[in-house]
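Have a look at run33.cif; it's mmCIF, C-alpha atoms:
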```cif
data_run
#
loop_
_atom_site.label_atom_id
_atom_site.label_comp_id
_atom_site.auth_asym_id
_atom_site.auth_seq_id
_atom_site.Cartn_x
_atom_site.Cartn_y
_atom_site.Cartn_z
CA MET A 1 -8.69 -73.57 152.45
CA GLU A 2 -10.38 -73.65 155.85
CA LEU A 3 -8.30 -70.95 157.58
CA THR A 4 -9.41 -71.83 161.10
CA SER A 5 -8.02 -75.36 160.69
CA ILE A 6 -4.55 -73.85 160.46
CA LEU A 7 -5.03 -70.83 162.70
CA GLY A 8 -6.45 -72.77 165.67
CA PRO A 9 -3.51 -75.15 166.27
CA ILE A 10 -1.02 -72.32 165.66
CA LEU A 11 -2.71 -70.17 168.31
CA GLY A 12 -2.78 -73.11 170.72
CA ILE A 13 0.92 -73.87 170.27
CA ALA A 14 1.73 -70.15 170.53
CA ALA A 15 -0.18 -70.00 173.82
CA VAL A 16 1.82 -72.91 175.25
CA LEU A 17 5.18 -71.55 174.10
CA GLY A 18 4.28 -68.02 175.18
CA THR A 19 3.33 -69.21 178.65
CA ALA A 20 6.58 -71.17 178.90
CA MET A 21 8.55 -68.05 178.02
CA ILE A 22 6.63 -65.93 180.54
CA LYS A 23 7.39 -68.50 183.25
CA SER A 24 11.06 -68.56 182.17
CA VAL A 25 10.89 -72.19 181.10
CA PRO A 26 13.64 -72.91 178.54
CA LEU A 27 11.94 -73.77 175.25
CA GLY A 28 14.55 -76.43 174.61
CA SER A 29 13.31 -78.31 177.66
CA LEU A 30 9.96 -78.83 175.92
CA ILE A 31 11.62 -80.94 173.23
CA GLY A 32 11.73 -84.64 174.00
CA GLY A 33 12.37 -87.32 171.42
CA SER A 34 11.32 -90.18 173.67
CA ALA A 35 8.14 -88.33 174.67
CA PHE A 36 7.31 -87.78 171.01
CA VAL A 37 7.78 -91.47 170.29
CA ILE A 38 5.67 -92.74 173.17
CA VAL A 39 2.82 -90.29 172.51
CA GLY A 40 2.90 -90.45 168.71
CA VAL A 41 3.49 -94.15 168.19
CA GLY A 42 1.62 -95.19 171.32
CA THR A 43 -1.50 -93.25 170.42
CA LEU A 44 -1.35 -94.55 166.86
CA GLY A 45 -1.07 -98.08 168.20
CA ALA A 46 -4.12 -97.58 170.38
CA VAL A 47 -6.37 -96.32 167.58
CA VAL A 48 -5.02 -98.85 165.06
CA THR A 49 -6.15 -101.59 167.42
CA GLY A 50 -9.70 -100.24 167.35
CA TYR A 51 -10.08 -99.56 163.61
CA PRO A 52 -9.69 -101.72 160.48
CA MET A 53 -7.08 -100.59 157.95
CA LYS A 54 -9.71 -99.24 155.54
CA ASP A 55 -11.11 -96.89 158.18
CA LEU A 56 -7.61 -95.90 159.28
CA ILE A 57 -6.61 -94.85 155.75
CA PHE A 58 -9.91 -93.04 155.23
CA SER A 59 -9.47 -91.16 158.52
CA PHE A 60 -6.04 -89.85 157.54
CA LYS A 61 -7.36 -88.87 154.12
CA SER A 62 -10.07 -86.90 155.91
CA LEU A 63 -7.41 -84.40 156.93
CA GLY A 64 -7.85 -83.04 153.41
CA LEU A 65 -11.48 -82.27 154.26
CA TYR A 66 -10.34 -80.78 157.58
CA LEU A 67 -7.97 -78.42 155.76
CA SER A 68 -10.09 -77.56 152.73
CA GLY A 69 -13.63 -77.61 154.14
CA PRO A 70 -16.64 -79.45 152.71
CA GLY A 71 -16.58 -77.40 149.50
CA HIS A 72 -20.35 -77.46 149.31
CA ASN A 73 -22.22 -75.15 146.97
CA ALA A 74 -25.92 -75.36 147.75
CA GLU A 75 -26.71 -72.46 145.44
CA ALA A 76 -25.30 -74.25 142.39
CA LEU A 77 -27.11 -77.47 143.37
CA ILE A 78 -30.43 -75.65 143.72
CA ALA A 79 -29.88 -73.95 140.37
CA ASP A 80 -29.29 -77.36 138.75
CA VAL A 81 -32.48 -78.76 140.27
CA GLU A 82 -34.49 -75.73 139.14
CA ARG A 83 -33.18 -76.11 135.59
CA LEU A 84 -33.94 -79.85 135.51
CA ALA A 85 -37.38 -79.37 137.06
CA SER A 86 -38.27 -76.76 134.42
CA LEU A 87 -37.04 -79.02 131.62
CA ALA A 88 -38.97 -82.03 132.95
CA ARG A 89 -42.15 -79.99 133.32
CA LYS A 90 -41.84 -78.71 129.78
CA ASP A 91 -40.61 -81.78 127.86
CA GLY A 92 -41.16 -84.73 130.22
CA PHE A 93 -38.79 -86.93 132.21
CA LEU A 94 -37.13 -88.45 129.14
CA ALA A 95 -35.78 -85.01 128.26
CA LEU A 96 -33.56 -85.27 131.33
CA GLU A 97 -31.61 -88.18 129.86
CA LYS A 98 -29.24 -85.92 127.95
CA GLU A 99 -28.64 -83.84 131.09
CA VAL A 100 -27.63 -86.68 133.43
CA ASP A 101 -23.92 -86.57 132.63
CA LYS A 102 -23.83 -82.81 133.14
CA VAL A 103 -24.92 -83.08 136.78
CA ASN A 104 -22.05 -82.74 139.27
CA ASP A 105 -23.79 -83.91 142.45
CA ASP A 106 -23.70 -87.70 142.86
CA ILE A 107 -27.08 -88.04 144.60
CA LEU A 108 -28.83 -85.75 142.12
CA ARG A 109 -27.27 -87.57 139.17
CA LYS A 110 -28.26 -90.99 140.51
CA GLY A 111 -31.80 -89.83 141.25
CA ILE A 112 -32.28 -88.30 137.81
CA ARG A 113 -30.97 -91.45 136.17
CA MET A 114 -33.50 -93.53 138.11
CA LEU A 115 -36.22 -91.05 137.16
CA VAL A 116 -35.34 -91.35 133.49
CA ASP A 117 -35.57 -95.13 133.87
CA ASN A 118 -39.18 -94.65 135.06
CA THR A 119 -38.47 -95.82 138.61
CA ASP A 120 -41.28 -95.37 141.11
CA PRO A 121 -40.74 -92.23 143.29
CA THR A 122 -41.11 -94.30 146.47
CA VAL A 123 -38.31 -96.58 145.36
CA ILE A 124 -36.16 -93.58 144.43
CA GLN A 125 -36.67 -92.10 147.90
CA ASP A 126 -35.80 -95.37 149.62
CA VAL A 127 -32.63 -95.81 147.56
CA LEU A 128 -31.44 -92.22 148.01
CA ASP A 129 -32.23 -92.16 151.73
CA ALA A 130 -30.30 -95.38 152.26
CA GLU A 131 -27.30 -94.11 150.29
CA ILE A 132 -27.26 -90.77 152.14
CA ALA A 133 -27.37 -92.56 155.49
CA MET A 134 -24.57 -94.94 154.46
CA MET A 135 -22.33 -92.12 153.21
CA TYR A 136 -22.92 -90.11 156.38
CA GLU A 137 -22.08 -93.10 158.58
CA GLU A 138 -18.86 -93.77 156.67
CA GLU A 139 -17.75 -90.14 156.80
CA GLU A 140 -18.49 -89.91 160.51
CA ILE A 141 -15.92 -92.65 161.07
CA ALA A 142 -13.17 -90.11 160.43
CA ALA A 143 -14.61 -87.71 163.00
CA LYS A 144 -14.86 -90.52 165.54
CA PHE A 145 -11.29 -91.59 164.77
CA TRP A 146 -9.82 -88.20 165.62
CA GLU A 147 -11.98 -87.93 168.71
CA ASP A 148 -10.54 -91.27 169.80
CA VAL A 149 -7.02 -89.97 169.16
CA GLY A 150 -7.91 -87.12 171.51
CA ALA A 151 -9.22 -89.58 174.08
CA PHE A 152 -6.18 -91.90 173.99
CA SER A 153 -3.27 -89.45 173.72
CA PRO A 154 -3.45 -87.96 177.26
CA THR A 155 -3.46 -91.46 178.76
CA VAL A 156 -0.52 -92.51 176.60
CA GLY A 157 1.20 -89.31 177.73
CA ILE A 158 0.75 -90.41 181.34
CA ILE A 159 2.34 -93.75 180.48
CA GLY A 160 5.30 -91.82 179.11
CA ALA A 161 5.49 -89.76 182.30
CA VAL A 162 5.47 -92.90 184.45
CA LEU A 163 8.27 -94.41 182.35
CA GLY A 164 10.24 -91.21 182.76
CA LEU A 165 9.76 -91.26 186.52
CA MET A 166 10.94 -94.85 186.62
CA VAL A 167 14.18 -93.71 184.98
CA VAL A 168 14.49 -91.02 187.68
CA MET A 169 13.96 -93.61 190.41
CA PHE A 170 16.78 -95.73 188.99
CA ASN A 171 19.11 -92.73 189.27
CA LEU A 172 18.28 -91.45 192.76
CA GLN A 173 21.92 -91.69 193.74
CA ASP A 174 22.70 -88.75 191.45
CA GLN A 175 20.82 -85.81 192.99
CA SER A 176 21.69 -83.50 190.11
CA LYS A 177 19.62 -85.58 187.70
CA ILE A 178 16.43 -85.78 189.75
CA GLY A 179 14.99 -82.33 188.94
CA PRO A 180 15.72 -82.39 185.19
CA GLY A 181 14.63 -86.03 185.05
CA ILE A 182 11.23 -85.30 186.57
CA ALA A 183 10.77 -82.32 184.23
CA ALA A 184 11.63 -84.46 181.24
CA ALA A 185 9.20 -87.15 182.39
CA PHE A 186 6.28 -84.77 182.26
CA ILE A 187 7.01 -83.66 178.70
CA ALA A 188 5.12 -86.76 177.50
CA THR A 189 2.07 -85.63 179.47
CA ILE A 190 2.29 -82.20 177.86
CA TYR A 191 2.52 -83.77 174.41
CA GLY A 192 -0.43 -86.07 175.04
CA VAL A 193 -2.70 -83.35 176.40
CA ALA A 194 -1.62 -80.88 173.69
CA LEU A 195 -2.26 -83.39 170.89
CA ALA A 196 -5.73 -84.06 172.26
CA ASN A 197 -6.86 -80.51 173.00
CA LEU A 198 -5.02 -78.46 170.39
CA PHE A 199 -5.68 -80.74 167.43
CA ALA A 200 -7.39 -84.13 167.69
CA LEU A 201 -10.59 -83.27 169.57
CA PRO A 202 -11.19 -79.98 167.68
CA ALA A 203 -10.46 -81.75 164.37
CA GLY A 204 -12.97 -84.48 165.19
CA LYS A 205 -15.59 -81.89 166.08
CA LYS A 206 -14.98 -79.94 162.87
CA LEU A 207 -15.11 -83.06 160.70
CA LYS A 208 -18.40 -84.04 162.31
CA ARG A 209 -19.77 -80.61 161.44
CA PHE A 210 -18.52 -80.90 157.87
CA CYS A 211 -20.15 -84.33 157.58
CA HIS A 212 -23.43 -82.76 158.65
CA HIS A 213 -23.09 -80.06 155.97
CA LYS A 214 -22.51 -82.70 153.29
CA LYS A 215 -25.47 -84.73 154.53
CA VAL A 216 -27.78 -81.72 154.32
CA GLU A 217 -26.61 -80.99 150.78
CA ARG A 218 -27.33 -84.57 149.75
CA GLU A 219 -30.76 -84.34 151.35
CA ILE A 220 -31.39 -81.19 149.31
CA ALA A 221 -30.49 -83.12 146.15
CA ALA A 222 -32.86 -85.96 147.15
CA VAL A 223 -35.69 -83.49 147.79
CA GLY A 224 -35.00 -82.00 144.37
CA VAL A 225 -35.22 -85.37 142.64
CA LEU A 226 -38.45 -86.29 144.40
CA GLY A 227 -39.89 -82.86 143.68
CA ILE A 228 -39.19 -83.37 139.98
CA ALA A 229 -40.64 -86.89 140.15
CA ASN A 230 -43.85 -85.53 141.70
CA SER A 231 -44.07 -82.61 139.23
CA VAL A 232 -43.73 -79.98 141.96
CA SER A 233 -43.56 -76.42 140.65
CA PRO A 234 -39.89 -75.41 140.12
CA LYS A 235 -40.40 -72.21 142.12
CA VAL A 236 -41.99 -74.06 145.03
CA LEU A 237 -39.24 -76.67 144.89
CA VAL A 238 -36.53 -74.01 144.96
CA GLU A 239 -38.05 -72.33 148.02
CA ARG A 240 -38.27 -75.70 149.78
CA MET A 241 -34.59 -76.43 149.09
CA LYS A 242 -33.47 -72.94 150.09
CA GLY A 243 -35.19 -73.46 153.42
CA MET A 244 -33.13 -76.62 153.97
CA ALA A 245 -29.88 -74.88 153.03
CA HIS A 246 -30.16 -72.22 155.74
#
```

Reformat the file's structure so that it appears as structure tokens.
Amino acid sequence: MELTSILGPILGIAAVLGTAMIKSVPLGSLIGGSAFVIVGVGTLGAVVTGYPMKDLIFSFKSLGLYLSGPGHNAEALIADVERLASLARKDGFLALEKEVDKVNDDILRKGIRMLVDNTDPTVIQDVLDAEIAMMYEEEEIAAKFWEDVGAFSPTVGIIGAVLGLMVVMFNLQDQSKIGPGIAAAFIATIYGVALANLFALPAGKKLKRFCHHKKVEREIAAVGVLGIANSVSPKVLVERMKGMAH
């Protein structure tokens, strides 16, 4: 569990509610069903327009990564590469065939399988580099999605505020409703800005960082495969990968 993913929004909401209490703003006045609908559904409508369904589903699934973290374990990956490099240097590349299914990392497993099939190292590098770039681009979509949520929600909140003010204008004959009506109108603005700055934009930034971590780990795996293919000393290979992991 990535604790900061939970702690950050809680602190942000606590700051808003705490400030409202200090300023003697009734907390009940911050609850607005119509404001929730216009900001929630309106923002969703805006981002749905800009993304295909596949990317939309993937972006919501990425909240699992946001909550749990990338779960990377560079040390275990480096240990696997060192073991495979030592085995290949001792018994040849064909000895790796029985180890392929024991490898957890997808890039390392694919590279070792290609190596066992006697694929040219240049071809292996091209294939792995292309796959790493493709995976990184796909995963970055989720980060961009939540950044776009953060970009759209304040504007949608303003739309909600304008709608609320229109309701006030239609009821100018009742002076007692003007003050509460204006206050209620701006709840949508609060929701939009809060959604953007307390969750969506920070979540997008964190997901982008996590994507970078995963990309580096895949690059470490690719370096390991190519090091084995070029018969690099296991100790030298380990030091090279450790340098990338820092």

Quiz prompt | Evaluate the PyMOL selection byres ((chain A and resi 158) around 8) and report residues as a list in words | solution = Pro154, Thr155, Val156, Gly157, Ile159, Gly160, Ala161, Val162, Phe186, Ala188, Thr189 and Gly192 of chain A

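For the atom pair formed by CA of Ile220 in chain A and CA of Leu63 in chain A, the distance is 25.4 Å, given to one decimal.
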
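As for CA of Cys211 in chain A and CA of Glu147 in chain A, they are spaced 14.3 Å apart.
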
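With all atoms listed in the file as the atoms that count, the residue of A:Pro234, A:Gly8, A:Ile178, A:Leu226 with the shortest distance to Leu67 in chain A is A:Gly8.
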
Exercise. List the residues matched by the PyMOL selection byres ((chain A and resi 225) around 10) in the displayed structure as a count of residues only, ordered by chain and then by residue number.
Key: 29

Quiz item: Which neighbours of Ala143 in chain A fall inside 12 Å, counting only C-alpha atoms, when residues of the same chain fewer than 4 positions from it are skipped, and could you give them as a ChimeraX atom specification?
Solution: /A:55-56,58-63,65-66,136-139,147-150,200-212

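In terms of minimum interatomic distance to Val216 in chain A, A:Ala74 ranks closest within A:Ala46, A:Val116, A:Val123, A:Ala74, counting all atoms listed in the file.
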
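Here CA of Gly50 in chain A is placed at a distance of 18.8 Å from CA of Leu195 in chain A.
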
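Taking all atoms listed in the file into account, Tyr51 in chain A lies nearest to A:Ile141 out of the set A:Ile141, A:Ala14, A:Val127, A:Ile38.
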
Quiz item: With only C-alpha atoms as the basis for distance, which of A:Thr19, A:Ser86, A:Ser153, A:Ser24 is at the shortest distance from Gly42 in chain A?
Solution: A:Ser153

Self-check item: Of the listed residues A:Thr49, A:Arg89, A:Leu27, A:Ile6, that which approaches Val232 in chain A most closely, counting all atoms listed in the file
Solution: A:Arg89

Taking the structure I provided as the source, export range 18-46 of chain A with N, CA, C and O atoms, as a PDB file, in the first residue's frame.
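Listing of out_1.pdb after writing:
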```pdb
ATOM      1  N   GLY A  18     -11.224  22.013   8.007  1.00  0.00           N
ATOM      2  CA  GLY A  18     -10.712  22.742   9.159  1.00  0.00           C
ATOM      3  C   GLY A  18     -10.800  24.240   8.964  1.00  0.00           C
ATOM      4  O   GLY A  18     -11.182  24.978   9.885  1.00  0.00           O
ATOM      5  N   THR A  19     -10.469  24.698   7.769  1.00  0.00           N
ATOM      6  CA  THR A  19     -10.558  26.129   7.468  1.00  0.00           C
ATOM      7  C   THR A  19     -12.009  26.606   7.527  1.00  0.00           C
ATOM      8  O   THR A  19     -12.303  27.700   8.038  1.00  0.00           O
ATOM      9  N   ALA A  20     -12.920  25.778   7.019  1.00  0.00           N
ATOM     10  CA  ALA A  20     -14.342  26.134   7.067  1.00  0.00           C
ATOM     11  C   ALA A  20     -14.809  26.274   8.512  1.00  0.00           C
ATOM     12  O   ALA A  20     -15.558  27.210   8.847  1.00  0.00           O
ATOM     13  N   MET A  21     -14.364  25.388   9.374  1.00  0.00           N
ATOM     14  CA  MET A  21     -14.754  25.449  10.779  1.00  0.00           C
ATOM     15  C   MET A  21     -14.169  26.687  11.460  1.00  0.00           C
ATOM     16  O   MET A  21     -14.843  27.355  12.252  1.00  0.00           O
ATOM     17  N   ILE A  22     -12.909  26.990  11.129  1.00  0.00           N
ATOM     18  CA  ILE A  22     -12.274  28.182  11.718  1.00  0.00           C
ATOM     19  C   ILE A  22     -13.011  29.444  11.302  1.00  0.00           C
ATOM     20  O   ILE A  22     -13.169  30.392  12.088  1.00  0.00           O
ATOM     21  N   LYS A  23     -13.476  29.486  10.066  1.00  0.00           N
ATOM     22  CA  LYS A  23     -14.200  30.652   9.555  1.00  0.00           C
ATOM     23  C   LYS A  23     -15.694  30.600   9.885  1.00  0.00           C
ATOM     24  O   LYS A  23     -16.465  31.430   9.403  1.00  0.00           O
ATOM     25  N   SER A  24     -16.078  29.612  10.699  1.00  0.00           N
ATOM     26  CA  SER A  24     -17.484  29.472  11.136  1.00  0.00           C
ATOM     27  C   SER A  24     -18.440  29.223   9.979  1.00  0.00           C
ATOM     28  O   SER A  24     -19.592  29.675   9.992  1.00  0.00           O
ATOM     29  N   VAL A  25     -17.935  28.521   8.966  1.00  0.00           N
ATOM     30  CA  VAL A  25     -18.797  28.125   7.852  1.00  0.00           C
ATOM     31  C   VAL A  25     -19.463  26.803   8.212  1.00  0.00           C
ATOM     32  O   VAL A  25     -18.766  25.833   8.526  1.00  0.00           O
ATOM     33  N   PRO A  26     -20.781  26.708   8.217  1.00  0.00           N
ATOM     34  CA  PRO A  26     -21.447  25.440   8.532  1.00  0.00           C
ATOM     35  C   PRO A  26     -21.015  24.342   7.563  1.00  0.00           C
ATOM     36  O   PRO A  26     -21.075  24.529   6.343  1.00  0.00           O
ATOM     37  N   LEU A  27     -20.560  23.210   8.098  1.00  0.00           N
ATOM     38  CA  LEU A  27     -20.075  22.136   7.224  1.00  0.00           C
ATOM     39  C   LEU A  27     -21.186  21.606   6.320  1.00  0.00           C
ATOM     40  O   LEU A  27     -20.926  21.149   5.205  1.00  0.00           O
ATOM     41  N   GLY A  28     -22.409  21.678   6.795  1.00  0.00           N
ATOM     42  CA  GLY A  28     -23.524  21.220   5.978  1.00  0.00           C
ATOM     43  C   GLY A  28     -23.695  22.028   4.714  1.00  0.00           C
ATOM     44  O   GLY A  28     -24.202  21.521   3.702  1.00  0.00           O
ATOM     45  N   SER A  29     -23.235  23.282   4.751  1.00  0.00           N
ATOM     46  CA  SER A  29     -23.380  24.140   3.572  1.00  0.00           C
ATOM     47  C   SER A  29     -22.405  23.748   2.465  1.00  0.00           C
ATOM     48  O   SER A  29     -22.532  24.230   1.330  1.00  0.00           O
ATOM     49  N   LEU A  30     -21.426  22.897   2.786  1.00  0.00           N
ATOM     50  CA  LEU A  30     -20.472  22.452   1.777  1.00  0.00           C
ATOM     51  C   LEU A  30     -20.966  21.218   1.015  1.00  0.00           C
ATOM     52  O   LEU A  30     -20.273  20.718   0.132  1.00  0.00           O
ATOM     53  N   ILE A  31     -22.133  20.734   1.406  1.00  0.00           N
ATOM     54  CA  ILE A  31     -22.701  19.560   0.738  1.00  0.00           C
ATOM     55  C   ILE A  31     -23.725  20.026  -0.292  1.00  0.00           C
ATOM     56  O   ILE A  31     -24.684  20.729   0.046  1.00  0.00           O
ATOM     57  N   GLY A  32     -23.484  19.649  -1.532  1.00  0.00           N
ATOM     58  CA  GLY A  32     -24.414  20.033  -2.597  1.00  0.00           C
ATOM     59  C   GLY A  32     -24.567  18.922  -3.611  1.00  0.00           C
ATOM     60  O   GLY A  32     -23.605  18.610  -4.327  1.00  0.00           O
ATOM     61  N   GLY A  33     -25.743  18.333  -3.658  1.00  0.00           N
ATOM     62  CA  GLY A  33     -25.972  17.233  -4.590  1.00  0.00           C
ATOM     63  C   GLY A  33     -25.848  17.657  -6.039  1.00  0.00           C
ATOM     64  O   GLY A  33     -25.234  16.965  -6.859  1.00  0.00           O
ATOM     65  N   SER A  34     -26.430  18.804  -6.363  1.00  0.00           N
ATOM     66  CA  SER A  34     -26.367  19.272  -7.745  1.00  0.00           C
ATOM     67  C   SER A  34     -24.938  19.612  -8.148  1.00  0.00           C
ATOM     68  O   SER A  34     -24.526  19.365  -9.291  1.00  0.00           O
ATOM     69  N   ALA A  35     -24.164  20.182  -7.203  1.00  0.00           N
ATOM     70  CA  ALA A  35     -22.762  20.506  -7.496  1.00  0.00           C
ATOM     71  C   ALA A  35     -21.964  19.231  -7.726  1.00  0.00           C
ATOM     72  O   ALA A  35     -21.115  19.169  -8.625  1.00  0.00           O
ATOM     73  N   PHE A  36     -22.250  18.197  -6.962  1.00  0.00           N
ATOM     74  CA  PHE A  36     -21.564  16.919  -7.131  1.00  0.00           C
ATOM     75  C   PHE A  36     -21.862  16.328  -8.506  1.00  0.00           C
ATOM     76  O   PHE A  36     -20.973  15.804  -9.182  1.00  0.00           O
ATOM     77  N   VAL A  37     -23.117  16.452  -8.916  1.00  0.00           N
ATOM     78  CA  VAL A  37     -23.516  15.892 -10.216  1.00  0.00           C
ATOM     79  C   VAL A  37     -22.834  16.633 -11.360  1.00  0.00           C
ATOM     80  O   VAL A  37     -22.263  16.010 -12.269  1.00  0.00           O
ATOM     81  N   ILE A  38     -22.880  17.972 -11.314  1.00  0.00           N
ATOM     82  CA  ILE A  38     -22.309  18.723 -12.437  1.00  0.00           C
ATOM     83  C   ILE A  38     -20.804  18.533 -12.523  1.00  0.00           C
ATOM     84  O   ILE A  38     -20.249  18.368 -13.606  1.00  0.00           O
ATOM     85  N   VAL A  39     -20.112  18.503 -11.381  1.00  0.00           N
ATOM     86  CA  VAL A  39     -18.657  18.343 -11.407  1.00  0.00           C
ATOM     87  C   VAL A  39     -18.281  16.895 -11.737  1.00  0.00           C
ATOM     88  O   VAL A  39     -17.424  16.651 -12.601  1.00  0.00           O
ATOM     89  N   GLY A  40     -18.916  15.936 -11.062  1.00  0.00           N
ATOM     90  CA  GLY A  40     -18.572  14.532 -11.284  1.00  0.00           C
ATOM     91  C   GLY A  40     -18.916  14.052 -12.681  1.00  0.00           C
ATOM     92  O   GLY A  40     -18.054  13.596 -13.441  1.00  0.00           O
ATOM     93  N   VAL A  41     -20.186  14.201 -13.034  1.00  0.00           N
ATOM     94  CA  VAL A  41     -20.648  13.705 -14.338  1.00  0.00           C
ATOM     95  C   VAL A  41     -20.115  14.582 -15.465  1.00  0.00           C
ATOM     96  O   VAL A  41     -19.719  14.084 -16.527  1.00  0.00           O
ATOM     97  N   GLY A  42     -20.078  15.891 -15.227  1.00  0.00           N
ATOM     98  CA  GLY A  42     -19.582  16.795 -16.268  1.00  0.00           C
ATOM     99  C   GLY A  42     -18.121  16.561 -16.592  1.00  0.00           C
ATOM    100  O   GLY A  42     -17.726  16.528 -17.765  1.00  0.00           O
ATOM    101  N   THR A  43     -17.307  16.400 -15.563  1.00  0.00           N
ATOM    102  CA  THR A  43     -15.881  16.133 -15.793  1.00  0.00           C
ATOM    103  C   THR A  43     -15.690  14.793 -16.482  1.00  0.00           C
ATOM    104  O   THR A  43     -14.878  14.667 -17.408  1.00  0.00           O
ATOM    105  N   LEU A  44     -16.438  13.792 -16.032  1.00  0.00           N
ATOM    106  CA  LEU A  44     -16.358  12.477 -16.684  1.00  0.00           C
ATOM    107  C   LEU A  44     -16.740  12.581 -18.152  1.00  0.00           C
ATOM    108  O   LEU A  44     -16.081  11.994 -19.019  1.00  0.00           O
ATOM    109  N   GLY A  45     -17.782  13.353 -18.443  1.00  0.00           N
ATOM    110  CA  GLY A  45     -18.189  13.531 -19.829  1.00  0.00           C
ATOM    111  C   GLY A  45     -17.106  14.176 -20.668  1.00  0.00           C
ATOM    112  O   GLY A  45     -16.894  13.805 -21.830  1.00  0.00           O
ATOM    113  N   ALA A  46     -16.403  15.139 -20.069  1.00  0.00           N
ATOM    114  CA  ALA A  46     -15.347  15.825 -20.812  1.00  0.00           C
ATOM    115  C   ALA A  46     -14.202  14.883 -21.163  1.00  0.00           C
ATOM    116  O   ALA A  46     -13.725  14.868 -22.305  1.00  0.00           O
TER     117      ALA A  46
END
```
